[in-house]
$ cat structure_24.cif   # mmCIF, C-alpha atoms and all ligand atoms
data_upload
loop_
_atom_site.label_atom_id
_atom_site.label_comp_id
_atom_site.auth_asym_id
_atom_site.auth_seq_id
_atom_site.Cartn_x
_atom_site.Cartn_y
_atom_site.Cartn_z
CA MET A 1 121.89 101.39 109.42
CA ARG A 2 119.61 101.50 112.44
CA LEU A 3 115.85 101.64 112.39
CA LYS A 4 114.34 102.68 115.69
CA LEU A 5 110.67 102.65 116.67
CA GLU A 6 110.08 104.43 119.97
CA ARG A 7 106.74 104.12 121.77
CA ILE A 8 104.70 104.08 118.59
CA GLY A 9 100.94 104.33 118.84
CA LYS A 10 98.41 104.49 116.04
CA THR A 11 94.71 105.19 116.15
CA PHE A 12 92.36 105.29 113.19
CA PRO A 13 88.93 106.89 112.92
CA GLY A 14 86.42 104.22 113.98
CA PRO A 15 83.38 103.09 111.99
CA LYS A 16 80.88 104.84 114.32
CA GLY A 17 82.71 108.12 114.76
CA GLY A 18 85.02 107.01 117.61
CA THR A 19 88.61 105.83 117.24
CA VAL A 20 90.19 102.40 116.81
CA GLU A 21 93.49 101.88 118.59
CA ALA A 22 95.48 99.69 116.18
CA ILE A 23 98.84 99.60 118.00
CA ARG A 24 100.05 100.83 121.38
CA ASP A 25 103.48 101.66 122.75
CA VAL A 26 105.47 99.65 120.18
CA SER A 27 109.26 99.94 120.53
CA PHE A 28 111.96 97.90 118.82
CA GLU A 29 115.15 98.38 116.84
CA VAL A 30 116.51 96.78 113.69
CA GLY A 31 120.23 96.88 112.94
CA GLY A 32 122.19 96.79 109.69
CA ASN A 33 121.84 93.61 107.60
CA GLU A 34 119.33 92.23 110.09
CA VAL A 35 116.36 90.20 108.85
CA CYS A 36 113.55 91.23 111.22
CA VAL A 37 110.12 89.61 111.00
CA LEU A 38 106.89 91.09 112.36
CA LEU A 39 104.70 88.18 113.41
CA GLY A 40 101.36 88.05 115.13
CA PRO A 41 97.68 87.24 114.81
CA SER A 42 95.51 88.79 112.13
CA GLY A 43 94.68 92.43 112.79
CA CYS A 44 97.47 93.02 115.34
CA GLY A 45 98.87 95.92 113.33
CA LYS A 46 101.76 94.38 111.39
CA SER A 47 100.92 96.11 108.10
CA THR A 48 100.21 99.36 109.95
CA ILE A 49 103.73 99.31 111.41
CA LEU A 50 105.30 98.53 108.03
CA ARG A 51 103.34 101.32 106.34
CA MET A 52 104.51 103.82 108.96
CA VAL A 53 108.15 102.74 108.46
CA ALA A 54 107.57 103.17 104.71
CA GLY A 55 106.27 106.67 105.43
CA LEU A 56 102.87 105.90 103.86
CA ASP A 57 101.17 106.55 107.19
CA ARG A 58 102.09 108.59 110.29
CA PRO A 59 102.23 107.38 113.88
CA SER A 60 99.70 109.00 116.25
CA SER A 61 102.38 109.02 118.93
CA GLY A 62 106.08 108.17 119.23
CA THR A 63 108.84 108.48 116.65
CA ILE A 64 110.38 106.31 113.98
CA THR A 65 113.95 107.13 112.97
CA LEU A 66 116.32 105.71 110.39
CA ASP A 67 119.91 106.49 111.33
CA GLY A 68 118.64 109.22 113.63
CA ARG A 69 116.49 110.95 110.99
CA VAL A 70 112.77 111.05 111.72
CA ILE A 71 110.70 109.28 109.05
CA ASP A 72 107.99 111.68 107.89
CA GLY A 73 107.21 110.39 104.41
CA PRO A 74 108.27 107.88 101.76
CA GLY A 75 111.92 107.89 100.74
CA ARG A 76 114.36 106.06 98.53
CA ASP A 77 116.16 104.70 101.58
CA ARG A 78 113.16 102.35 102.09
CA GLY A 79 111.89 100.01 99.36
CA MET A 80 108.52 98.31 99.68
CA VAL A 81 107.46 94.93 98.26
CA PHE A 82 103.74 94.13 98.58
CA GLN A 83 101.87 90.83 98.48
CA ALA A 84 100.08 91.75 95.25
CA TYR A 85 102.18 91.65 92.10
CA THR A 86 103.01 95.22 91.27
CA SER A 87 104.92 94.92 87.98
CA PHE A 88 103.84 97.06 85.05
CA ASP A 89 102.29 94.67 82.50
CA TRP A 90 103.26 96.80 79.50
CA LEU A 91 106.97 96.79 80.40
CA THR A 92 109.43 93.90 80.08
CA VAL A 93 111.20 92.52 83.14
CA ARG A 94 114.26 94.64 82.32
CA GLN A 95 112.17 97.79 81.79
CA ASN A 96 110.33 97.14 85.07
CA VAL A 97 113.61 96.85 86.97
CA GLU A 98 115.01 99.93 85.24
CA TYR A 99 111.87 101.98 85.88
CA GLY A 100 112.89 103.72 89.12
CA LEU A 101 116.38 104.40 87.78
CA ARG A 102 114.91 105.93 84.62
CA LEU A 103 112.68 108.23 86.72
CA ARG A 104 115.75 109.42 88.58
CA GLY A 105 117.59 110.15 85.35
CA VAL A 106 120.26 107.46 85.74
CA ALA A 107 122.20 107.16 82.45
CA ALA A 108 121.10 104.35 80.10
CA SER A 109 124.29 102.28 80.32
CA GLU A 110 124.35 102.35 84.14
CA ARG A 111 120.63 101.55 84.21
CA ARG A 112 121.18 98.54 82.05
CA ASP A 113 124.11 97.26 84.11
CA ARG A 114 122.31 97.68 87.43
CA ALA A 115 119.14 96.06 86.10
CA ALA A 116 121.14 93.13 84.69
CA HIS A 117 122.84 92.65 88.05
CA PHE A 118 119.61 92.50 90.05
CA ILE A 119 117.78 90.43 87.43
CA ASP A 120 120.63 87.93 87.72
CA LEU A 121 120.42 88.04 91.53
CA VAL A 122 116.78 86.89 91.35
CA HIS A 123 117.58 84.31 88.63
CA LEU A 124 115.52 85.89 85.85
CA THR A 125 118.23 86.61 83.27
CA LYS A 126 116.59 84.31 80.71
CA PHE A 127 113.35 86.27 81.09
CA ALA A 128 114.80 89.79 81.00
CA ASP A 129 112.98 90.60 77.76
CA SER A 130 109.72 88.85 78.68
CA TYR A 131 106.55 90.58 79.79
CA PRO A 132 105.14 89.85 83.29
CA LYS A 133 102.04 88.09 81.88
CA VAL A 134 104.15 85.06 80.85
CA LEU A 135 105.70 84.76 84.32
CA SER A 136 104.52 82.67 87.29
CA GLY A 137 103.54 84.33 90.59
CA GLY A 138 106.93 83.61 92.15
CA MET A 139 108.74 85.06 89.14
CA LYS A 140 106.60 88.21 89.25
CA GLN A 141 107.46 88.64 92.89
CA ARG A 142 111.15 88.25 92.01
CA VAL A 143 110.72 91.09 89.48
CA ALA A 144 109.27 93.26 92.27
CA ILE A 145 112.22 92.43 94.53
CA ALA A 146 114.77 93.18 91.77
CA ARG A 147 113.03 96.45 90.95
CA THR A 148 113.08 97.50 94.60
CA LEU A 149 116.73 96.51 95.07
CA ALA A 150 117.77 98.40 91.92
CA ASN A 151 116.82 101.63 93.72
CA ASP A 152 119.44 100.74 96.36
CA PRO A 153 117.31 101.17 99.49
CA GLU A 154 118.89 100.80 102.94
CA ILE A 155 116.05 98.60 104.04
CA LEU A 156 113.66 96.33 102.20
CA LEU A 157 110.11 96.37 103.59
CA MET A 158 108.10 93.30 102.63
CA ASP A 159 104.39 92.92 103.48
CA GLU A 160 103.38 89.24 103.28
CA PRO A 161 105.48 89.04 100.10
CA PHE A 162 104.96 85.30 99.61
CA GLY A 163 101.36 85.11 100.84
CA ALA A 164 99.90 84.51 97.38
CA LEU A 165 102.40 81.80 96.38
CA ASP A 166 102.06 78.02 96.52
CA ALA A 167 103.99 76.22 99.27
CA GLU A 168 106.94 75.11 97.13
CA THR A 169 107.46 78.50 95.47
CA ARG A 170 107.12 80.08 98.87
CA TRP A 171 110.05 78.25 100.41
CA HIS A 172 112.20 78.87 97.35
CA MET A 173 111.42 82.59 97.78
CA GLN A 174 112.28 82.44 101.47
CA GLU A 175 115.65 80.91 100.62
CA LEU A 176 116.23 83.43 97.83
CA SER A 177 115.50 86.32 100.22
CA ILE A 178 118.07 85.02 102.69
CA ALA A 179 120.60 84.72 99.85
CA ILE A 180 119.82 88.33 98.87
CA ALA A 181 120.32 89.55 102.45
CA GLU A 182 123.67 87.75 102.53
CA GLU A 183 124.79 88.96 99.11
CA THR A 184 123.66 92.60 99.29
CA GLY A 185 124.06 93.24 103.04
CA LYS A 186 120.60 94.86 103.00
CA THR A 187 118.31 94.98 106.01
CA ILE A 188 114.91 93.31 105.66
CA LEU A 189 111.78 94.09 107.69
CA MET A 190 109.07 91.62 106.76
CA VAL A 191 105.49 90.96 107.81
CA THR A 192 104.16 87.42 107.97
CA HIS A 193 101.75 85.32 110.00
CA ASP A 194 103.56 82.09 109.07
CA ILE A 195 105.49 80.81 112.11
CA GLU A 196 107.78 78.46 110.14
CA GLU A 197 108.64 81.21 107.66
CA SER A 198 109.44 83.61 110.50
CA ILE A 199 111.77 81.18 112.30
CA PHE A 200 113.60 80.19 109.11
CA MET A 201 114.11 83.75 107.92
CA ALA A 202 114.46 85.89 111.01
CA ASP A 203 117.50 87.08 112.88
CA ARG A 204 114.88 88.76 115.09
CA ILE A 205 111.16 88.13 115.51
CA ILE A 206 108.91 90.88 116.87
CA PHE A 207 105.80 89.08 118.08
CA LEU A 208 102.79 91.38 118.43
CA SER A 209 99.81 90.81 120.67
CA ARG A 210 96.31 91.07 119.32
CA HIS A 211 94.50 94.37 119.17
CA PRO A 212 95.78 96.83 120.08
CA GLY A 213 99.13 95.45 118.93
CA THR A 214 101.91 95.65 121.49
CA VAL A 215 105.30 93.92 121.46
CA ALA A 216 104.57 90.68 123.32
CA ALA A 217 108.02 89.20 122.59
CA ASN A 218 111.27 90.33 120.94
CA ILE A 219 112.92 87.03 120.01
CA VAL A 220 116.43 86.39 118.71
CA PRO A 221 116.37 82.68 117.78
CA ALA A 222 119.37 81.60 119.88
CA PHE A 223 119.50 78.12 118.35
CA LYS A 224 120.68 79.63 115.04
CA GLN A 225 123.80 80.95 116.80
CA GLY A 226 123.83 84.14 114.77
CA ARG A 227 124.13 82.24 111.47
CA ARG A 228 121.92 82.00 108.40
CA TRP A 229 121.27 78.80 106.52
CA SER A 230 120.64 78.68 102.78
CA ARG A 231 118.49 75.53 102.90
CA LYS A 232 115.30 75.59 104.89
CA GLU A 233 115.40 71.93 105.92
CA ASP A 234 118.78 72.52 107.57
CA VAL A 235 117.13 74.98 109.97
CA LEU A 236 114.05 72.81 110.60
CA GLU A 237 116.25 69.97 111.85
CA LEU A 238 118.46 72.08 114.14
CA PRO A 239 118.13 71.41 117.87
CA GLY A 240 116.04 74.27 119.24
CA TYR A 241 113.85 74.78 116.19
CA ALA A 242 110.94 72.70 117.47
CA GLU A 243 111.02 74.35 120.91
CA LEU A 244 110.87 77.85 119.44
CA GLU A 245 108.03 76.84 117.09
CA ARG A 246 106.13 75.45 120.07
CA ASP A 247 106.76 78.59 122.16
CA ILE A 248 105.49 80.84 119.38
CA MET A 249 102.45 78.61 118.83
CA ARG A 250 101.69 79.03 122.54
CA LEU A 251 101.99 82.80 122.19
CA MET A 252 99.58 82.67 119.23
CA ARG A 253 97.14 80.55 121.20
CA GLN A 254 97.30 82.90 124.19
CA GLN A 255 96.42 85.75 121.85
CA ALA A 256 93.50 83.78 120.42
CA GLY A 257 92.44 83.02 124.01
CA ALA A 258 92.69 86.69 124.95
CA GLU A 259 90.27 87.52 122.18
CA THR A 260 87.81 84.80 123.19
CA GLU A 261 87.83 86.05 126.79
CA ALA A 262 87.40 89.64 125.67
CA ALA A 263 84.50 88.72 123.38
N1 LIG B 1 93.09 102.86 107.28
C1 LIG B 1 92.51 102.29 108.34
N2 LIG B 1 91.37 102.79 108.87
C2 LIG B 1 90.80 102.23 109.96
N3 LIG B 1 91.28 101.15 110.60
C3 LIG B 1 92.41 100.59 110.11
C4 LIG B 1 93.09 101.13 108.96
N4 LIG B 1 94.19 100.35 108.71
C5 LIG B 1 94.20 99.39 109.67
N5 LIG B 1 93.13 99.54 110.51
C6 LIG B 1 92.84 98.69 111.68
O1 LIG B 1 94.02 98.54 112.43
C7 LIG B 1 94.16 97.20 112.92
C8 LIG B 1 95.46 96.62 112.42
O2 LIG B 1 95.39 96.39 111.02
P1 LIG B 1 96.63 95.81 110.17
O3 LIG B 1 96.17 95.65 108.77
O4 LIG B 1 97.83 96.62 110.42
O5 LIG B 1 96.84 94.38 110.85
P2 LIG B 1 97.70 93.13 110.36
O6 LIG B 1 98.35 92.58 111.57
O7 LIG B 1 98.58 93.53 109.24
O8 LIG B 1 96.55 92.15 109.87
P3 LIG B 1 96.57 90.94 108.79
O9 LIG B 1 97.54 89.91 109.31
O10 LIG B 1 95.16 90.44 108.84
O11 LIG B 1 96.97 91.54 107.49
C9 LIG B 1 92.93 96.46 112.44
O12 LIG B 1 91.99 96.47 113.47
C10 LIG B 1 92.44 97.28 111.28
O13 LIG B 1 91.06 97.14 111.12
#

$ encode --input "structure_24.cif" --output "structure tokens"
Amino acid sequence: MRLKLERIGKTFPGPKGGTVEAIRDVSFEVGGNEVCVLLGPSGCGKSTILRMVAGLDRPSSGTITLDGRVIDGPGRDRGMVFQAYTSFDWLTVRQNVEYGLRLRGVAASERRDRAAHFIDLVHLTKFADSYPKVLSGGMKQRVAIARTLANDPEILLMDEPFGALDAETRWHMQELSIAIAEETGKTILMVTHDIEESIFMADRIIFLSRHPGTVAANIVPAFKQGRRWSRKEDVLELPGYAELERDIMRLMRQQAGAETEAA
């Protein structure tokens, strides 16, 4: 699996008839089983990039390819998880996870087995027959992840997936996502503006500058030595963590400064 963004630009129609340049000349690559995080100040174009990879929006210039094929629309090879809870309230957890498989005509017994597997992977087996309304926010988000994984995408696209969760649930979800990447071998491309989350989760961090978004830094956190840790505190105490956090905070501050000077 290789996702390749080559010189991507995106402009939107502006409020007064002109155009707004959201991102400019963005190039980066994501390899198989990589956890890649898009990080940057608000409005730098993170969601725009994710939506174009999902095929929900088209680049104005440049090309995005997945294994050499140009992305020109949504496809089953890419599964999207949004910040808002997107489960169907009238379906149980199991029915939600089976939904995409049912649409594709997967036989009932296989549907059930695959759903059970992914429900187990997100630790919801006891709630398989419950409806989303009895679940907490974190549990609902785990349903969304299981439902997306059940469709067997090559790459999981997550847009601020834990943004609506409380701090404790959030770090449990970060750890669970790393466990899922390890267990399934899937690639994850995730948007966040949380520096700590990005350093804990990422094999690669694409740091975008503010408006129009460009790649200001493509960071492979060397202190992790190519490994992943299952417990967040084990990463926070590694030598090198604090330095990287400080460097990224400086990048963020420079971007804030750039805006103040431009204003
Ligand atoms: N459909 C659209 N029409 C017009 N402008 C848009 C559209 N979508 C995004 N933009 C603009 O593109 C820029 C990037 O937006 P985007 O939502 O991708 O940023 P972001 O980095 O995800 O922000 P945040 O962290 O606040 O969610 C912003 O200036 C935004 O106003």

$ residues_near_ligand --input "structure_24.cif" --ligand "ligand LIG 1 (chain B)" --cutoff "7 Å" --atoms "only C-alpha atoms and all ligand atoms" --output "short mmCIF file (atom, residue, chain, number, x, y, z; two decimals) with C-alpha atoms, in the frame of the given file"
data_model
loop_
_atom_site.label_atom_id
_atom_site.label_comp_id
_atom_site.auth_asym_id
_atom_site.auth_seq_id
_atom_site.Cartn_x
_atom_site.Cartn_y
_atom_site.Cartn_z
CA PHE A 12 92.36 105.29 113.19
CA PRO A 13 88.93 106.89 112.92
CA GLY A 14 86.42 104.22 113.98
CA VAL A 20 90.19 102.40 116.81
CA ALA A 22 95.48 99.69 116.18
CA GLY A 40 101.36 88.05 115.13
CA PRO A 41 97.68 87.24 114.81
CA SER A 42 95.51 88.79 112.13
CA GLY A 43 94.68 92.43 112.79
CA CYS A 44 97.47 93.02 115.34
CA GLY A 45 98.87 95.92 113.33
CA LYS A 46 101.76 94.38 111.39
CA SER A 47 100.92 96.11 108.10
CA THR A 48 100.21 99.36 109.95
CA ILE A 49 103.73 99.31 111.41
CA HIS A 193 101.75 85.32 110.00
CA HIS A 211 94.50 94.37 119.17
#

$ closest_residue --input "structure_24.cif" --among "A:Ala167, A:Ala116, A:Met158, A:Gln95" --to "Pro132 (chain A)" --atoms "all atoms listed in the file"
A:Gln95

$ residues_around --input "structure_24.cif" --residues "Pro239 (chain A)" --least-positions-apart "5" --cutoff "10 Å" --atoms "all atoms listed in the file" --output "number ranges by chain"
A: 223-224, 244

$ closest_residue --input "structure_24.cif" --among "A:Leu38, A:Asp57, A:Ile219, A:Asp67" --to "Thr11 (chain A)" --atoms "only C-alpha atoms"
A:Asp57

$ atom_distance --input "structure_24.cif" --atom1 "CA of Thr214 (chain A)" --atom2 "CA of Lys10 (chain A)"
11.0 Å

$ closest_residue --input "structure_24.cif" --among "A:Phe162, A:His172, A:Leu121, A:Val97" --to "Val143 (chain A)" --atoms "only C-alpha atoms"
A:Val97

$ atom_distance --input "structure_24.cif" --atom1 "CA of Ile155 (chain A)" --atom2 "CA of Met173 (chain A)"
17.8 Å

$ residues_around --input "structure_24.cif" --residues "Gly138 (chain A)" --least-positions-apart "5" --cutoff "12 Å" --atoms "only C-alpha atoms" --output "list in words"
Gln83, Ala84, Tyr85, Val122, His123, Leu124, Pro132, Val143, Ala144, Ile145, Pro161, Phe162, Gly163, Ala164, Leu165, Asp166, Ala167, Glu168, Thr169, Arg170, Trp171, His172, Met173, Gln174 and Leu176 of chain A

$ atom_distance --input "structure_24.cif" --atom1 "CA of Phe88 (chain A)" --atom2 "CA of Leu66 (chain A)"
29.5 Å

$ closest_residue --input "structure_24.cif" --among "A:Val93, A:Ala108, A:Val37, A:Ala202" --to "Met139 (chain A)" --atoms "only C-alpha atoms"
A:Val93

$ closest_residue --input "structure_24.cif" --among "A:Ala54, A:Cys36, A:Glu110, A:Lys232" --to "Gly73 (chain A)" --atoms "only C-alpha atoms"
A:Ala54

$ closest_residue --input "structure_24.cif" --among "A:Val70, A:Val191, A:Ile119, A:Leu135" --to "Arg51 (chain A)" --atoms "all atoms listed in the file"
A:Val191

$ residues_near_point --input "structure_24.cif" --point "(118.3, 103.9, 86.0)" --cutoff "12 Å" --atoms "all atoms listed in the file" --output "list in words"
Arg94, Gln95, Asn96, Val97, Glu98, Tyr99, Gly100, Leu101, Arg102, Leu103, Arg104, Gly105, Val106, Ala107, Ala108, Ser109, Glu110, Arg111, Arg112, Asp113, Arg114, Ala115, Ala116, Arg147, Thr148, Leu149, Ala150, Asn151 and Asp152 of chain A

$ write_last_selection --input "structure_24.cif" --atoms "C-alpha atoms" --output "PDB file, in the frame of the given file"
ATOM      1  CA  ARG A  94     114.260  94.640  82.320  1.00  0.00           C
ATOM      2  CA  GLN A  95     112.170  97.790  81.790  1.00  0.00           C
ATOM      3  CA  ASN A  96     110.330  97.140  85.070  1.00  0.00           C
ATOM      4  CA  VAL A  97     113.610  96.850  86.970  1.00  0.00           C
ATOM      5  CA  GLU A  98     115.010  99.930  85.240  1.00  0.00           C
ATOM      6  CA  TYR A  99     111.870 101.980  85.880  1.00  0.00           C
ATOM      7  CA  GLY A 100     112.890 103.720  89.120  1.00  0.00           C
ATOM      8  CA  LEU A 101     116.380 104.400  87.780  1.00  0.00           C
ATOM      9  CA  ARG A 102     114.910 105.930  84.620  1.00  0.00           C
ATOM     10  CA  LEU A 103     112.680 108.230  86.720  1.00  0.00           C
ATOM     11  CA  ARG A 104     115.750 109.420  88.580  1.00  0.00           C
ATOM     12  CA  GLY A 105     117.590 110.150  85.350  1.00  0.00           C
ATOM     13  CA  VAL A 106     120.260 107.460  85.740  1.00  0.00           C
ATOM     14  CA  ALA A 107     122.200 107.160  82.450  1.00  0.00           C
ATOM     15  CA  ALA A 108     121.100 104.350  80.100  1.00  0.00           C
ATOM     16  CA  SER A 109     124.290 102.280  80.320  1.00  0.00           C
ATOM     17  CA  GLU A 110     124.350 102.350  84.140  1.00  0.00           C
ATOM     18  CA  ARG A 111     120.630 101.550  84.210  1.00  0.00           C
ATOM     19  CA  ARG A 112     121.180  98.540  82.050  1.00  0.00           C
ATOM     20  CA  ASP A 113     124.110  97.260  84.110  1.00  0.00           C
ATOM     21  CA  ARG A 114     122.310  97.680  87.430  1.00  0.00           C
ATOM     22  CA  ALA A 115     119.140  96.060  86.100  1.00  0.00           C
ATOM     23  CA  ALA A 116     121.140  93.130  84.690  1.00  0.00           C
ATOM     24  CA  ARG A 147     113.030  96.450  90.950  1.00  0.00           C
ATOM     25  CA  THR A 148     113.080  97.500  94.600  1.00  0.00           C
ATOM     26  CA  LEU A 149     116.730  96.510  95.070  1.00  0.00           C
ATOM     27  CA  ALA A 150     117.770  98.400  91.920  1.00  0.00           C
ATOM     28  CA  ASN A 151     116.820 101.630  93.720  1.00  0.00           C
ATOM     29  CA  ASP A 152     119.440 100.740  96.360  1.00  0.00           C
TER      30      ASP A 152
END

$ residues_near_point --input "structure_24.cif" --point "(111.8, 109.6, 103.8)" --cutoff "10 Å" --atoms "all atoms listed in the file" --output "PyMOL selection string"
chain A and resi 53-56+65-66+69-78

$ residues_around --input "structure_24.cif" --residues "region 249-252 of chain A" --least-positions-apart "2" --cutoff "8 Å" --atoms "only C-alpha atoms" --output "list in words"
Gly40, Pro41, Ile195, Glu245, Arg246, Asp247, Gln254, Gln255 and Ala256 of chain A

$ build_atoms --input "structure_24.cif" --residues "region 23-51 of chain A" --atoms "N, CA and C atoms" --output "PDB file, in the coordinates of the input"
ATOM      1  N   ILE A  23      97.650 100.059 117.263  1.00  0.00           N
ATOM      2  CA  ILE A  23      98.840  99.600 118.000  1.00  0.00           C
ATOM      3  C   ILE A  23      99.118 100.564 119.156  1.00  0.00           C
ATOM      4  N   ARG A  24      99.805 100.032 120.171  1.00  0.00           N
ATOM      5  CA  ARG A  24     100.050 100.830 121.380  1.00  0.00           C
ATOM      6  C   ARG A  24     101.480 100.605 121.857  1.00  0.00           C
ATOM      7  N   ASP A  25     102.200 101.690 122.044  1.00  0.00           N
ATOM      8  CA  ASP A  25     103.480 101.660 122.750  1.00  0.00           C
ATOM      9  C   ASP A  25     104.463 100.629 122.165  1.00  0.00           C
ATOM     10  N   VAL A  26     104.596 100.636 120.839  1.00  0.00           N
ATOM     11  CA  VAL A  26     105.470  99.650 120.180  1.00  0.00           C
ATOM     12  C   VAL A  26     106.880 100.219 120.029  1.00  0.00           C
ATOM     13  N   SER A  27     107.853  99.538 120.649  1.00  0.00           N
ATOM     14  CA  SER A  27     109.260  99.940 120.530  1.00  0.00           C
ATOM     15  C   SER A  27     110.094  98.734 120.138  1.00  0.00           C
ATOM     16  N   PHE A  28     110.926  98.895 119.131  1.00  0.00           N
ATOM     17  CA  PHE A  28     111.960  97.900 118.820  1.00  0.00           C
ATOM     18  C   PHE A  28     112.956  98.534 117.865  1.00  0.00           C
ATOM     19  N   GLU A  29     114.111  97.859 117.738  1.00  0.00           N
ATOM     20  CA  GLU A  29     115.150  98.380 116.840  1.00  0.00           C
ATOM     21  C   GLU A  29     115.592  97.288 115.884  1.00  0.00           C
ATOM     22  N   VAL A  30     115.983  97.719 114.685  1.00  0.00           N
ATOM     23  CA  VAL A  30     116.510  96.780 113.690  1.00  0.00           C
ATOM     24  C   VAL A  30     117.863  97.318 113.240  1.00  0.00           C
ATOM     25  N   GLY A  31     118.877  96.454 113.298  1.00  0.00           N
ATOM     26  CA  GLY A  31     120.230  96.880 112.940  1.00  0.00           C
ATOM     27  C   GLY A  31     120.575  96.565 111.492  1.00  0.00           C
ATOM     28  N   GLY A  32     121.746  96.989 111.072  1.00  0.00           N
ATOM     29  CA  GLY A  32     122.190  96.790 109.690  1.00  0.00           C
ATOM     30  C   GLY A  32     122.290  95.315 109.328  1.00  0.00           C
ATOM     31  N   ASN A  33     121.827  94.975 108.145  1.00  0.00           N
ATOM     32  CA  ASN A  33     121.840  93.610 107.600  1.00  0.00           C
ATOM     33  C   ASN A  33     121.030  92.620 108.436  1.00  0.00           C
ATOM     34  N   GLU A  34     120.166  93.147 109.306  1.00  0.00           N
ATOM     35  CA  GLU A  34     119.330  92.230 110.090  1.00  0.00           C
ATOM     36  C   GLU A  34     118.097  91.854 109.272  1.00  0.00           C
ATOM     37  N   VAL A  35     117.658  90.602 109.410  1.00  0.00           N
ATOM     38  CA  VAL A  35     116.360  90.200 108.850  1.00  0.00           C
ATOM     39  C   VAL A  35     115.403  90.153 110.043  1.00  0.00           C
ATOM     40  N   CYS A  36     114.477  91.105 110.097  1.00  0.00           N
ATOM     41  CA  CYS A  36     113.550  91.230 111.220  1.00  0.00           C
ATOM     42  C   CYS A  36     112.149  90.924 110.728  1.00  0.00           C
ATOM     43  N   VAL A  37     111.462  90.019 111.431  1.00  0.00           N
ATOM     44  CA  VAL A  37     110.120  89.610 111.000  1.00  0.00           C
ATOM     45  C   VAL A  37     109.088  90.090 112.018  1.00  0.00           C
ATOM     46  N   LEU A  38     108.037  90.723 111.517  1.00  0.00           N
ATOM     47  CA  LEU A  38     106.890  91.090 112.360  1.00  0.00           C
ATOM     48  C   LEU A  38     105.879  89.976 112.255  1.00  0.00           C
ATOM     49  N   LEU A  39     105.585  89.342 113.384  1.00  0.00           N
ATOM     50  CA  LEU A  39     104.700  88.180 113.410  1.00  0.00           C
ATOM     51  C   LEU A  39     103.597  88.439 114.423  1.00  0.00           C
ATOM     52  N   GLY A  40     102.436  87.888 114.158  1.00  0.00           N
ATOM     53  CA  GLY A  40     101.360  88.050 115.130  1.00  0.00           C
ATOM     54  C   GLY A  40     100.024  87.733 114.494  1.00  0.00           C
ATOM     55  N   PRO A  41      98.990  87.622 115.329  1.00  0.00           N
ATOM     56  CA  PRO A  41      97.680  87.240 114.810  1.00  0.00           C
ATOM     57  C   PRO A  41      97.101  88.305 113.874  1.00  0.00           C
ATOM     58  N   SER A  42      96.147  87.889 113.096  1.00  0.00           N
ATOM     59  CA  SER A  42      95.510  88.790 112.130  1.00  0.00           C
ATOM     60  C   SER A  42      94.969  90.034 112.832  1.00  0.00           C
ATOM     61  N   GLY A  43      95.224  91.187 112.261  1.00  0.00           N
ATOM     62  CA  GLY A  43      94.680  92.430 112.790  1.00  0.00           C
ATOM     63  C   GLY A  43      95.486  93.047 113.918  1.00  0.00           C
ATOM     64  N   CYS A  44      96.696  92.491 114.204  1.00  0.00           N
ATOM     65  CA  CYS A  44      97.470  93.020 115.340  1.00  0.00           C
ATOM     66  C   CYS A  44      98.248  94.271 114.976  1.00  0.00           C
ATOM     67  N   GLY A  45      98.236  94.646 113.706  1.00  0.00           N
ATOM     68  CA  GLY A  45      98.870  95.920 113.330  1.00  0.00           C
ATOM     69  C   GLY A  45     100.186  95.793 112.594  1.00  0.00           C
ATOM     70  N   LYS A  46     100.475  94.594 112.085  1.00  0.00           N
ATOM     71  CA  LYS A  46     101.760  94.380 111.390  1.00  0.00           C
ATOM     72  C   LYS A  46     101.890  95.293 110.168  1.00  0.00           C
ATOM     73  N   SER A  47     100.854  95.284 109.321  1.00  0.00           N
ATOM     74  CA  SER A  47     100.920  96.110 108.100  1.00  0.00           C
ATOM     75  C   SER A  47     100.948  97.595 108.457  1.00  0.00           C
ATOM     76  N   THR A  48     100.228  97.956 109.517  1.00  0.00           N
ATOM     77  CA  THR A  48     100.210  99.360 109.950  1.00  0.00           C
ATOM     78  C   THR A  48     101.625  99.809 110.311  1.00  0.00           C
ATOM     79  N   ILE A  49     102.355  98.955 111.023  1.00  0.00           N
ATOM     80  CA  ILE A  49     103.730  99.310 111.410  1.00  0.00           C
ATOM     81  C   ILE A  49     104.599  99.451 110.160  1.00  0.00           C
ATOM     82  N   LEU A  50     104.475  98.481 109.242  1.00  0.00           N
ATOM     83  CA  LEU A  50     105.300  98.530 108.030  1.00  0.00           C
ATOM     84  C   LEU A  50     105.005  99.786 107.205  1.00  0.00           C
ATOM     85  N   ARG A  51     103.727 100.125 107.117  1.00  0.00           N
ATOM     86  CA  ARG A  51     103.340 101.320 106.340  1.00  0.00           C
ATOM     87  C   ARG A  51     103.892 102.602 106.974  1.00  0.00           C
TER      88      ARG A  51
END
